[in-house]
file model-v3.txt (compact mmCIF, C-alpha atoms)
# COMPACT_ATOMS: atom_id res chain seq x y z
CA MET A 25 64.36 -96.48 -133.65
CA SER A 26 61.33 -96.66 -135.97
CA ILE A 27 57.83 -97.65 -134.88
CA TYR A 28 58.25 -100.89 -136.82
CA GLU A 29 61.47 -101.68 -134.97
CA ASP A 30 59.68 -100.90 -131.69
CA TRP A 31 56.98 -103.38 -132.73
CA LEU A 32 59.53 -106.08 -133.52
CA ALA A 33 61.30 -105.48 -130.20
CA LYS A 34 58.00 -105.98 -128.37
CA ALA A 35 56.74 -108.92 -130.42
CA PHE A 36 59.95 -110.98 -130.52
CA THR A 37 62.84 -111.65 -128.17
CA LYS A 38 66.41 -111.04 -129.33
CA GLU A 39 66.55 -114.74 -130.21
CA GLY A 40 63.54 -114.31 -132.52
CA VAL A 41 61.03 -116.09 -130.29
CA SER A 42 57.47 -114.70 -130.26
CA VAL A 43 56.39 -112.94 -127.08
CA ASP A 44 53.05 -114.62 -126.39
CA GLU A 45 51.63 -111.81 -124.23
CA VAL A 46 52.05 -109.32 -127.08
CA TRP A 47 50.60 -111.62 -129.72
CA ASN A 48 47.69 -112.56 -127.46
CA GLU A 49 46.81 -108.87 -127.33
CA TYR A 50 47.59 -107.99 -130.97
CA LEU A 51 45.85 -110.85 -132.80
CA PRO A 52 42.33 -110.14 -131.43
CA ALA A 53 42.81 -106.43 -132.26
CA GLU A 54 43.88 -107.34 -135.80
CA GLN A 55 40.95 -109.73 -136.12
CA LYS A 56 38.51 -106.94 -135.18
CA ILE A 57 39.85 -104.80 -138.02
CA TYR A 58 39.34 -107.62 -140.51
CA GLU A 59 35.86 -108.34 -139.13
CA TYR A 60 35.01 -104.68 -139.72
CA ILE A 61 36.55 -104.66 -143.23
CA LEU A 62 34.67 -107.80 -144.24
CA SER A 63 31.32 -107.03 -142.63
CA GLU A 64 31.24 -103.51 -144.11
CA LYS A 65 32.90 -104.55 -147.41
CA VAL A 66 35.49 -101.81 -146.93
CA THR A 67 37.74 -101.56 -149.97
CA GLU A 68 39.70 -98.46 -148.97
CA ILE A 69 41.19 -97.22 -145.70
CA HIS A 70 42.86 -93.83 -145.50
CA GLY A 71 44.47 -91.84 -142.71
CA THR A 72 47.70 -91.18 -140.89
CA VAL A 73 49.14 -93.85 -138.62
CA THR A 74 47.87 -91.88 -135.61
CA GLU A 75 44.38 -91.49 -137.11
CA LEU A 76 44.14 -95.20 -137.88
CA SER A 77 45.39 -96.04 -134.39
CA LYS A 78 42.56 -93.99 -132.90
CA ARG A 79 39.96 -95.32 -135.35
CA PHE A 80 40.84 -98.93 -134.57
CA ASN A 81 41.58 -98.32 -130.87
CA MET A 82 45.12 -99.68 -130.94
CA SER A 83 48.69 -98.48 -130.44
CA VAL A 84 50.74 -97.04 -133.30
CA GLU A 85 52.98 -100.14 -133.10
CA TYR A 86 49.95 -102.38 -133.64
CA THR A 87 48.80 -100.18 -136.52
CA ILE A 88 52.20 -100.53 -138.17
CA ALA A 89 52.03 -104.30 -137.58
CA PHE A 90 48.62 -104.35 -139.30
CA VAL A 91 50.01 -102.40 -142.28
CA ASP A 92 52.96 -104.80 -142.41
CA GLY A 93 50.59 -107.77 -142.47
CA ILE A 94 48.41 -106.42 -145.29
CA ASN A 95 51.31 -104.83 -147.18
CA ASP A 96 51.86 -107.80 -149.52
CA ILE A 97 48.47 -107.35 -151.22
CA LEU A 98 48.72 -103.58 -151.66
CA PRO A 99 49.36 -102.19 -155.14
CA ASN A 100 51.82 -99.68 -153.62
CA LYS A 101 53.70 -101.32 -150.79
CA TYR A 102 54.99 -99.35 -147.81
CA ASP A 103 58.49 -99.41 -146.42
CA VAL A 104 57.21 -100.05 -142.90
CA LYS A 105 60.59 -99.16 -141.39
CA LYS A 106 60.11 -95.58 -142.60
CA LEU A 107 56.55 -95.07 -141.35
CA ASP A 108 56.00 -92.67 -138.45
CA GLU A 109 52.95 -91.31 -136.63
CA ASN A 110 52.27 -88.74 -139.37
CA SER A 111 52.72 -91.06 -142.36
CA GLN A 112 49.71 -91.20 -144.64
CA ILE A 113 48.35 -94.71 -145.12
CA ASP A 114 46.18 -95.49 -148.13
CA ILE A 115 45.04 -99.10 -148.25
CA THR A 116 43.13 -100.52 -151.21
CA ILE A 117 41.78 -103.98 -150.52
CA ASP A 118 41.49 -106.73 -153.12
CA PHE A 119 39.39 -109.34 -151.32
CA GLU A 120 40.60 -112.29 -153.42
CA ALA A 121 44.25 -111.37 -152.84
CA LEU A 122 43.56 -110.83 -149.14
CA TYR A 123 41.87 -114.20 -148.73
CA LYS A 124 44.68 -116.00 -150.56
CA LYS A 125 47.34 -114.20 -148.51
CA MET A 126 45.60 -115.26 -145.28
CA VAL A 127 45.60 -118.85 -146.54
CA GLU A 128 49.27 -118.57 -147.51
CA TYR A 129 50.15 -117.25 -144.03
CA ARG A 130 48.07 -120.09 -142.54
CA ALA A 131 46.08 -117.50 -140.57
CA GLU A 132 43.09 -119.75 -140.04
CA HIS A 133 41.66 -117.36 -137.45
CA LEU A 134 41.36 -114.81 -140.30
CA TYR A 135 40.48 -116.80 -143.43
CA SER A 136 37.79 -118.73 -141.53
CA LEU A 137 36.00 -115.62 -140.24
CA PRO A 138 32.23 -115.87 -140.83
CA GLN A 139 32.30 -112.35 -142.32
CA TRP A 140 33.91 -113.80 -145.46
CA ASN A 141 30.40 -115.07 -146.30
CA ASN A 142 29.52 -111.40 -146.97
CA ILE A 143 32.22 -111.32 -149.64
CA PHE A 144 32.32 -114.81 -151.20
CA ASP A 145 30.00 -117.79 -151.12
CA GLU A 146 31.31 -121.07 -149.74
CA THR A 147 32.13 -122.45 -153.20
CA LYS A 148 34.25 -119.40 -154.06
CA GLN A 149 36.06 -119.58 -150.70
CA LYS A 150 36.90 -123.24 -151.29
CA ALA A 151 38.10 -122.47 -154.82
CA LEU A 152 40.34 -119.62 -153.60
CA PHE A 153 41.68 -121.82 -150.81
CA ALA A 154 42.49 -124.60 -153.28
CA GLN A 155 44.09 -122.16 -155.75
CA GLN A 156 46.35 -120.75 -153.08
CA ARG A 157 47.39 -124.13 -151.71
CA LYS A 158 48.01 -125.45 -155.23
CA SER A 159 50.10 -122.40 -156.17
CA ARG A 160 52.58 -123.28 -153.44
CA THR A 161 52.88 -126.94 -154.49
CA VAL A 162 56.00 -127.84 -156.46
CA VAL A 163 55.35 -130.44 -159.12
CA LYS A 164 58.49 -132.13 -160.42
CA GLY A 165 58.55 -133.57 -163.89
CA LYS A 166 59.34 -137.18 -164.60
CA LYS A 167 63.02 -137.97 -164.06
CA VAL A 168 64.95 -139.07 -167.14
CA GLY A 169 66.38 -142.55 -166.72
CA ARG A 170 69.95 -143.40 -167.81
CA ASN A 171 68.74 -145.66 -170.61
CA ASP A 172 65.86 -143.45 -171.77
CA PRO A 173 66.11 -141.49 -175.01
CA CYS A 174 67.75 -138.11 -174.39
CA PRO A 175 65.15 -135.32 -174.06
CA CYS A 176 67.30 -133.09 -176.33
CA GLY A 177 66.05 -135.10 -179.32
CA SER A 178 69.41 -136.50 -180.48
CA GLY A 179 68.11 -140.06 -180.55
CA LYS A 180 70.93 -141.24 -178.27
CA LYS A 181 70.47 -142.72 -174.84
CA TYR A 182 70.58 -140.08 -172.10
CA LYS A 183 73.70 -141.67 -170.54
CA TYR A 184 75.64 -141.19 -173.82
CA CYS A 185 74.33 -137.71 -174.54
CA CYS A 186 73.37 -134.94 -172.09
CA GLY A 187 73.79 -137.26 -169.10
CA ALA A 188 77.31 -138.34 -170.05
CA ASP A 189 79.04 -135.87 -167.76
CA LYS A 190 76.87 -136.59 -164.73

call {"tool": "encode", "arguments": {"input": "model-v3.txt", "output": "structure tokens"}}
result
Amino acid sequence: MSIYEDWLAKAFTKEGVSVDEVWNEYLPAEQKIYEYILSEKVTEIHGTVTELSKRFNMSVEYTIAFVDGINDILPNKYDVKKLDENSQIDITIDFEALYKKMVEYRAEHLYSLPQWNNIFDETKQKALFAQQRKSRTVVKGKKVGRNDPCPCGSGKKYKYCCGADK
């Protein structure tokens, strides 16, 4: 079993329900990493899984969980199922992408960290928040009515043209 699979087995029951005790321990550890990244404006993190575990004072499972969480913004994504203790991890951080991903995941405890003020001013944070929320909003076009002119440009009513078979 991989470290990632060990993490999933700890974090979720077989029914897929979160194990609160594990998350109550992991989330503050993850938050400390992000507080460090933001306060020090760290744009690159390098090391093996074991080295990062020691640096951030967490288990290898938690380190893999952290990599899994930040994986979506990395230029070269990791197959977390294949990572082991000796796998080299090279993380390059794009702060805009990171902020937007935290908003997308609804991780308020992370996107509302005061350390973001070291990276972006309040106006920029609000703009990034709005961009991310808007990017997930589906806007449907106006529905064509049966008696409206057909949008194909034939000049016929929709019900006698493209809508005839509906």

call {"tool": "residues_around", "arguments": {"input": "model-v3.txt", "residues": "Lys106 in chain A", "least_positions_apart": "3", "cutoff": "10 Å", "atoms": "only C-alpha atoms", "output": "PyMOL selection string"}}
result
chain A and resi 25-29+102-103+111

call {"tool": "atom_distance", "arguments": {"input": "model-v3.txt", "atom1": "CA of Glu64 in chain A", "atom2": "CA of Arg79 in chain A"}}
result
14.8 Å

call {"tool": "closest_residue", "arguments": {"input": "model-v3.txt", "among": "A:Phe36, A:Tyr184, A:Tyr50, A:Phe153", "to": "Val84 in chain A", "atoms": "all atoms listed in the file"}}
result
A:Tyr50

call {"tool": "atom_distance", "arguments": {"input": "model-v3.txt", "atom1": "CA of Ser83 in chain A", "atom2": "CA of Leu134 in chain A"}}
result
20.4 Å

call {"tool": "residues_around", "arguments": {"input": "model-v3.txt", "residues": "range 115-122 of chain A", "least_positions_apart": "6", "cutoff": "8 Å", "atoms": "all atoms listed in the file", "output": "PyMOL selection string"}}
result
chain A and resi 66-70+94+97-99+143+152

call {"tool": "closest_residue", "arguments": {"input": "model-v3.txt", "among": "A:Leu62, A:Met82, A:Met126, A:Cys185", "to": "Glu49 in chain A", "atoms": "all atoms listed in the file"}}
result
A:Met82

call {"tool": "residues_around", "arguments": {"input": "model-v3.txt", "residues": "Ser159 in chain A", "least_positions_apart": "3", "cutoff": "12 Å", "atoms": "all atoms listed in the file", "output": "ChimeraX atom specification"}}
result
/A:124-125,127-128,152-156,162-163

call {"tool": "closest_residue", "arguments": {"input": "model-v3.txt", "among": "A:Pro52, A:Tyr135, A:Ile113, A:Tyr60", "to": "Ser77 in chain A", "atoms": "all atoms listed in the file"}}
result
A:Ile113

call {"tool": "closest_residue", "arguments": {"input": "model-v3.txt", "among": "A:Ala53, A:Val91, A:Ala33, A:Val168", "to": "Cys186 in chain A", "atoms": "all atoms listed in the file"}}
result
A:Val168

call {"tool": "atom_distance", "arguments": {"input": "model-v3.txt", "atom1": "CA of Ile88 in chain A", "atom2": "CA of Gln149 in chain A"}}
result
27.9 Å

call {"tool": "axis_aligned_box", "arguments": {"input": "model-v3.txt", "around": "range 103-114 of chain A", "padding_each_side": "5 Å", "output": "AutoDock Vina command-line options"}}
result
--center_x 53.4 --center_y -94.4 --center_z -142.4 --size_x 24.4 --size_y 21.3 --size_z 21.5

call {"tool": "closest_residue", "arguments": {"input": "model-v3.txt", "among": "A:Glu132, A:Glu146, A:Glu75, A:Asp30", "to": "Gln112 in chain A", "atoms": "all atoms listed in the file"}}
result
A:Glu75

call {"tool": "residues_around", "arguments": {"input": "model-v3.txt", "residues": "Gly169 in chain A", "least_positions_apart": "3", "cutoff": "9 Å", "atoms": "all atoms listed in the file", "output": "list of chain:residue names"}}
result
A:Asp172, A:Pro173, A:Cys174, A:Tyr182, A:Lys183
